[in-house]
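One structure is given here, and the rest of the page talks about it.
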Amino acid sequence: MHYVPNKECNLSVMFEKRLSFIKLMQELKQGSYPEFPLDMTDKKSQQFCRDLALRGVEEMFEALQHLKNWKPHRETEIKEINKEEFLEEIVDAINYFFSLLIVTGFNDLDLYNAYIKKDDIIRDRLQNGY
């Protein structure tokens, strides 16, 4: 697969949309999100973060429910997949993971820098043995 980057696609825009959604939730649904950034040493803050992360994981499991052809022992091939619904569930998961980053005080640049740093590490591992 040849990937052609879309210069219109922007991580900052995605973060800003999620931040504005969180603020709207705070305004319209009292108690849905605490004030942030959270104190990561606080028990209630850690419980809230854990809940957000698990919601994201749950959405990933919902995405996996759209994959029907993965069982190695199954002889019947199930070729149908609703790619739009599969992608929608992954977007739901990403939204929870973005929320987790936002409430813990991280932003798009933090994520980008951490991603680049980790990418360098895993490429080095691949090329030089791990």
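Each chain in the structure tokens gets a letter, A, B and so on, in the order shown; residues start at 1 in every chain, and ligands are counted from 1 in the order they appear.
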query: Which residues, written as a list in words, have at least one atom at most 8 Å from segment 31-39 of chain A, with only C-alpha atoms counted and residues fewer than 6 positions away on the same chain left out?
result: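 Within the cut-off, the hits are Ile22, Met25, Ser45, Ile102, Val103, Thr104 and Gly105 of chain A.
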Residues just named, written with C-alpha atoms as a PDB file, in the first residue's frame:
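And here's selection.pdb as it stands now:
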ATOM      1  CA  ILE A  22     -15.260  17.821  26.724  1.00  0.00           C
ATOM      2  CA  MET A  25     -20.042  17.948  28.146  1.00  0.00           C
ATOM      3  CA  SER A  45      -8.432  11.109  39.262  1.00  0.00           C
ATOM      4  CA  ILE A 102      -6.393  15.955  27.568  1.00  0.00           C
ATOM      5  CA  VAL A 103      -7.620  15.504  31.147  1.00  0.00           C
ATOM      6  CA  THR A 104      -4.137  14.436  32.244  1.00  0.00           C
ATOM      7  CA  GLY A 105      -2.632  17.612  30.812  1.00  0.00           C
TER       8      GLY A 105
END
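Every protein, DNA or RNA residue with an atom at most 6 Å from segment 47-63 of chain A, where only C-alpha atoms count and chain neighbours fewer than 2 positions away do not, is listed here: A:Lys44, A:Ser45, A:Gln65, A:His66, A:Phe86, A:Glu89, A:Ile90, A:Ala93, A:Tyr96.
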Who sits within 10 Å of Tyr112 of chain A, only C-alpha atoms, same chain under 6 positions skipped, as a PyMOL selection string: chain A and resi 11-12+118
task: List every residue of chain A that DSSP, applied to the backbone of this structure, assigns to alpha helix (DSSP H), and report them as an MDAnalysis selection string.
output: chainID A and resid 11:28 43:64 83:103 108:128
Who sits within 12 Å of Val13 of chain A, only C-alpha atoms, same chain under 5 positions skipped, as an MDAnalysis selection string: chainID A and resid 8 18:20 98 107:109
Atoms to include: N, CA and C atoms. Write the selected residues as a PDB file, in the first residue's frame.
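Below is the file that was written, out22.pdb:
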ATOM      1  N   GLU A   8      -4.138  18.334   4.765  1.00  0.00           N
ATOM      2  CA  GLU A   8      -5.298  18.907   5.447  1.00  0.00           C
ATOM      3  C   GLU A   8      -5.594  18.174   6.751  1.00  0.00           C
ATOM      4  N   ARG A  18     -11.873  17.504  20.271  1.00  0.00           N
ATOM      5  CA  ARG A  18     -12.149  16.706  21.467  1.00  0.00           C
ATOM      6  C   ARG A  18     -12.207  17.586  22.708  1.00  0.00           C
ATOM      7  N   LEU A  19     -11.301  18.550  22.804  1.00  0.00           N
ATOM      8  CA  LEU A  19     -11.307  19.479  23.943  1.00  0.00           C
ATOM      9  C   LEU A  19     -12.610  20.272  23.990  1.00  0.00           C
ATOM     10  N   SER A  20     -13.064  20.764  22.848  1.00  0.00           N
ATOM     11  CA  SER A  20     -14.320  21.522  22.833  1.00  0.00           C
ATOM     12  C   SER A  20     -15.504  20.631  23.188  1.00  0.00           C
ATOM     13  N   PHE A  98      -7.965  10.258  23.371  1.00  0.00           N
ATOM     14  CA  PHE A  98      -7.662  11.693  23.342  1.00  0.00           C
ATOM     15  C   PHE A  98      -8.167  12.362  24.622  1.00  0.00           C
ATOM     16  N   ASN A 107      -1.103  17.430  25.355  1.00  0.00           N
ATOM     17  CA  ASN A 107      -1.720  18.028  24.175  1.00  0.00           C
ATOM     18  C   ASN A 107      -1.213  17.326  22.916  1.00  0.00           C
ATOM     19  N   ASP A 108      -1.617  17.837  21.773  1.00  0.00           N
ATOM     20  CA  ASP A 108      -1.249  17.217  20.505  1.00  0.00           C
ATOM     21  C   ASP A 108       0.253  17.184  20.285  1.00  0.00           C
ATOM     22  N   LEU A 109       0.953  18.225  20.683  1.00  0.00           N
ATOM     23  CA  LEU A 109       2.402  18.256  20.506  1.00  0.00           C
ATOM     24  C   LEU A 109       3.086  17.217  21.403  1.00  0.00           C
TER      25      LEU A 109
END
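One finds atom CA of Met14 of chain A at 12.4 Å from atom CA of Asp92 of chain A.
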